[in-house]
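Engineer: Attaching a single structure in structure tokens format; questions to follow.
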Number of protein chains: 2
Amino acid sequence: MNPEILEKRFSIEDLAAFSEKVFAVHGFSEEDARLSASLLVRADLRGIDSHGIARLSGYVRLIQAGRLNPRPKLRFESKFPTQGLLHADQAIGFISGSRAMEKCIEMAELYGCGMVAVRNSNHFGIAGQYALMAAEKGLAAFAFTNASPLVAPSNSTSRMLGTNPIAAAFPAMHSRPFVLDMATTTAANGKLEILQRKKEEAPAGWIQNASGKSSTNPDELKKGGALMPLGGETKTGGHKGYGLGSLVDILSGVLSGANFGPWVPPFVSFLPLPQNPVGEGIGHFFIVFRPDGFLEASEYQNRMENWMTAMRNSAKSGGEDVLVAGDPEWQAEEERKRNGVPLHEEVIRDLRLLAEESGIKHSFLS
Amino acid sequence: MNPEILEKRFSIEDLAAFSEKVFAVHGFSEEDARLSASLLVRADLRGIDSHGIARLSGYVRLIQAGRLNPRPKLRFESKFPTQGLLHADQAIGFISGSRAMEKCIEMAELYGCGMVAVRNSNHFGIAGQYALMAAEKGLAAFAFTNASPLVAPSNSTSRMLGTNPIAAAFPAMHSRPFVLDMATTTAANGKLEILQRKKEEAPAGWIQNASGKSSTNPDELKKGGALMPLGGETKTGGHKGYGLGSLVDILSGVLSGANFGPWVPPFVSFLPLPQNPVGEGIGHFFIVFRPDGFLEASEYQNRMENWMTAMRNSAKSGGEDVLVAGDPEWQAEEERKRNGVPLHEEVIRDLRLLAEESGIKHSFLS
């Protein structure tokens, strides 16, 4: 947690109630407003501030621009018992992601596994929470989404892929689930913005300039540069990060009929939509399966617990604990449930404006 | 392709025929010997020299050590229509991997998707070729395996994970399939060995020394160091590579009942097996699904082709072409089918010894 953003703390309940009102005022059904709000602020709770309430006004701008449908009619098509395609009708990603996961879970419970591709959706917040929905029912899951292009393939200067996250969750015996939730870039865009504000240099491997050369200047992204895939330059494995980002785009965009690559629409409503779109909206992809399809549930859970314990107990190289994927987010959840969610002054200002224009009382923001 | 290994060229047919004889002499059935040989040398054909015929004597040593069963009785268990567990009875990974993929393909054809976990197996060569088996039938697939521990988690000095590859393949309309096949480390062990021979430094992010500090000395691995996960140090995203390696170990080892983490047995027969094993042998995991479960087959193939074209045509940053995953291997296949497979002098010597001890004539090696 960055000290600069520890401005003021808010209860997660206040943030959820406020977000729900905002979604409702802008046309969401009561049920969709509640679900969207709770999934939005789950990011704040889990310490992923870039994907939480800081984005609330961004979603409203998309509604106002006619790019996000507050009353979508979702349609689910299925040709085989364990696969389906969800036409999201420009829904907010929280609604389409949840609906897709429900379908995956139903199929996995009956047949062992289930997978759903989603087209014509919008951003869905943090990928990990969809995988977690399955893990909370004792299932294992993957979640993927594509995103607007910021990343250049290896050997290229063009922005062709988004930060395209990979999420996966596995329940254990006693521990909270293993939850991997990672952008396929070296660093997420939010981390660059922090460096820009602080006027600090970026580590090698985060960004490249407009000519495709690795750079440590966090402002390069505004001057025609690009984020680098996980691994950075090819000599440090950047082609692998490019391959992973590609995989996520193929699953989420190519298979679903959504846009892919440079055609994925931007999150911010003031940027124009790409010309000659190759599909509808943005795309997601979900896979759910039963761990007890391979081993007895208790045997699997026990082995998963032992795996976590082995990693956590491995020899430390310094003062930092050895963690497993998801541990930092579980720690943030505990701390923030107790002490509230810290919001940056800029975010608070933005929420106040949003409250005023939406005609919502906001005593907790003053 | 490294110039130092371009010693002498051999036809892929000769290498396959020789490998088949070696497997047969060491107890494989005719059918298993032929299949194993063809999958072994596919690595040589695809330019992944570290996983090809250079490992043939390693497999023989495992048979001689009683760790690889030349006449395995594989047993497939299935509780749900799209999931199964393959007990590999210490088979060579080529046999267990192929059998598992056949089962996945059957299930995917009937239900949309299929997944198989494999326990009690041995190394299976290159992960990508299993995914490719599905892609050659118009299906999409993932393949994973765990491997003996060489990689330290972020913040740790212990070797807890293998180079645990992720492979995925997707067929296209005209192009050869997209085939991602990547170790979840910054660099594979074979690349370090090349640097050791040349007495060159490794780029930052490849290895850490025994205290867990990033090092550029390729010999650190022999002195208690470890390979670093993709991304290297945490500031350059190494925790993500650690998370990916974890994911592969959970799928391949935890879910299957094979060994996981530091208990995965080493490939080389002269190293002792880990004490108190947590499972049987090494583990693999496979997922196959139908692209036409989401879109019409031709629409999907066309979109996949367009995705590839977009990436390949993106602006180049220098002299190198922008490729998609699998392109370098397809290029190697074409070149090596034409000109033969280059083998290093050390490998040729090793094969001659193997031929002599196995009582096999080897005119092509002289």
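Convention: chains lettered A, B, ... in structure tokens order; per-chain residue numbering from 1; ligands numbered from 1 as shown.
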Within 7 Å of range 86-101 of chain B, counting only C-alpha atoms, which residues qualify if same-chain residues fewer than 3 places away don't, as a list in words?
Structural biologist: Asp32, Ser36, Leu39, Arg67, Leu68, Asn69, Pro70, Pro72, Lys73, Leu74, Arg75, Phe76, Glu77, Cys104, Ile105, Val116, Ala117, Val118, Arg119, Asn120, Ser121, Asn122, His123, Phe124, Tyr130, Gly281 and Phe286 of chain B
Engineer: Using only C-alpha atoms, tabulate the residues of chain B lying at most 6 Å from any atom of chain A, each with its closest atom pair and that distance in Å to one decimal, by chain and increasing residue number, as a Markdown table.
Structural biologist:
| residue | atom | partner | partner_atom | distance |
| --- | --- | --- | --- | --- |
| B:Lys79 | CA | A:Gly293 | CA | 5.8 |
| B:Phe80 | CA | A:Gly112 | CA | 5.3 |
| B:Pro81 | CA | A:Tyr111 | CA | 5.4 |
| B:Thr82 | CA | A:Gly112 | CA | 5.4 |
| B:Gln83 | CA | A:Gly112 | CA | 5.8 |
| B:Leu85 | CA | A:Phe294 | CA | 5.4 |
| B:Tyr111 | CA | A:Pro81 | CA | 5.4 |
| B:Gly112 | CA | A:Phe80 | CA | 5.3 |
| B:Asn155 | CA | A:Ser317 | CA | 5.4 |
| B:Ser156 | CA | A:Lys316 | CA | 4.4 |
| B:Thr157 | CA | A:Ser317 | CA | 5.3 |
| B:Ser158 | CA | A:Ala315 | CA | 5.6 |
| B:Thr186 | CA | A:Gly237 | CA | 5.1 |
| B:Ser211 | CA | A:Ser317 | CA | 5.9 |
| B:Gly212 | CA | A:Ser317 | CA | 5.2 |
| B:Gly231 | CA | A:Gly231 | CA | 4.5 |
| B:Thr236 | CA | A:Thr186 | CA | 5.9 |
| B:Gly237 | CA | A:Thr186 | CA | 5.1 |
| B:Gly243 | CA | A:Ala325 | CA | 5.9 |
| B:Val254 | CA | A:Arg303 | CA | 5.9 |
| B:Gly293 | CA | A:Lys79 | CA | 5.8 |
| B:Phe294 | CA | A:Leu85 | CA | 5.4 |
| B:Arg303 | CA | A:Val254 | CA | 5.9 |
| B:Ser314 | CA | A:Ser158 | CA | 5.9 |
| B:Ala315 | CA | A:Ser156 | CA | 5.4 |
| B:Lys316 | CA | A:Ser156 | CA | 4.4 |
| B:Ser317 | CA | A:Ser156 | CA | 4.8 |
| B:Val322 | CA | A:Asn155 | CA | 5.5 |
| B:Ala325 | CA | A:Gly243 | CA | 5.9 |
Engineer: Now that the selection is made, can you save its residues with C-alpha atoms as a PDB file, in the first residue's frame?
Structural biologist:
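selection24.pdb written:
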ATOM      1  CA  LYS B  79     -16.056 -39.748 -12.353  1.00  0.00           C
ATOM      2  CA  PHE B  80     -17.571 -37.095 -14.628  1.00  0.00           C
ATOM      3  CA  PRO B  81     -18.111 -37.052 -18.400  1.00  0.00           C
ATOM      4  CA  THR B  82     -15.422 -34.423 -19.083  1.00  0.00           C
ATOM      5  CA  GLN B  83     -12.748 -35.235 -16.503  1.00  0.00           C
ATOM      6  CA  LEU B  85      -7.332 -39.205 -14.028  1.00  0.00           C
ATOM      7  CA  TYR B 111     -19.304 -32.666 -24.599  1.00  0.00           C
ATOM      8  CA  GLY B 112     -17.377 -29.564 -25.694  1.00  0.00           C
ATOM      9  CA  ASN B 155      11.503 -13.826  -1.578  1.00  0.00           C
ATOM     10  CA  SER B 156      12.891 -17.356  -1.215  1.00  0.00           C
ATOM     11  CA  THR B 157      16.254 -19.059  -1.676  1.00  0.00           C
ATOM     12  CA  SER B 158      14.788 -22.583  -1.911  1.00  0.00           C
ATOM     13  CA  THR B 186      12.874 -16.222 -17.574  1.00  0.00           C
ATOM     14  CA  SER B 211      21.448 -15.859  -0.929  1.00  0.00           C
ATOM     15  CA  GLY B 212      18.619 -15.078  -3.323  1.00  0.00           C
ATOM     16  CA  GLY B 231       9.991 -11.561 -14.755  1.00  0.00           C
ATOM     17  CA  THR B 236      10.181  -6.554 -12.787  1.00  0.00           C
ATOM     18  CA  GLY B 237       7.219  -8.875 -12.235  1.00  0.00           C
ATOM     19  CA  GLY B 243       2.390 -17.463  -9.753  1.00  0.00           C
ATOM     20  CA  VAL B 254      -1.643 -31.279  -6.674  1.00  0.00           C
ATOM     21  CA  GLY B 293     -18.626 -24.506 -29.272  1.00  0.00           C
ATOM     22  CA  PHE B 294     -18.579 -20.699 -29.394  1.00  0.00           C
ATOM     23  CA  ARG B 303     -10.916 -14.608 -36.936  1.00  0.00           C
ATOM     24  CA  SER B 314       2.217  -4.555 -36.771  1.00  0.00           C
ATOM     25  CA  ALA B 315       4.997  -1.955 -37.076  1.00  0.00           C
ATOM     26  CA  LYS B 316       8.463  -3.412 -36.620  1.00  0.00           C
ATOM     27  CA  SER B 317      10.840  -1.797 -34.131  1.00  0.00           C
ATOM     28  CA  VAL B 322       6.963  -9.600 -35.519  1.00  0.00           C
ATOM     29  CA  ALA B 325       3.747 -17.933 -30.823  1.00  0.00           C
TER      30      ALA B 325
END
Engineer: Can you measure CA of Leu150 in chain A to CA of Ala65 in chain A for me? One decimal in Å is fine.
Structural biologist: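 Distance between the two atoms: 22.0 Å.
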Engineer: Using DSSP on the backbone coordinates, identify all residues within range 120-197 of chain B classified as helix (DSSP H, G or I); present the result as a PyMOL selection string.
Structural biologist: chain B and resi 128-135+189-197
Engineer: Using CA of Glu329 in chain B and CA of Lys21 in chain B as the two end points, give the distance in Å to one decimal.
Structural biologist: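 So the answer is 26.4 Å.
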Engineer: Point out the residue among B:Pro274, B:Gly340, B:Pro149, B:Gly125 with the least atom-to-atom distance to Arg55 in chain B, counting only C-alpha atoms.
Structural biologist: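 The closest residue to Arg55 in chain B is B:Gly125.
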Engineer: Near Arg42 in chain A, within 8 Å and counting only C-alpha atoms, which residues show up once chain neighbours fewer than 3 positions away are dropped, as number ranges by chain?
Structural biologist: A: 38-39, 45-46, 52, 129
Engineer: Have a look at CA of Lys198 in chain B and CA of Gly224 in chain B and let me know their distance in Å, one decimal.
Structural biologist: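 For CA of Lys198 in chain B relative to CA of Gly224 in chain B, the distance reads 20.9 Å.
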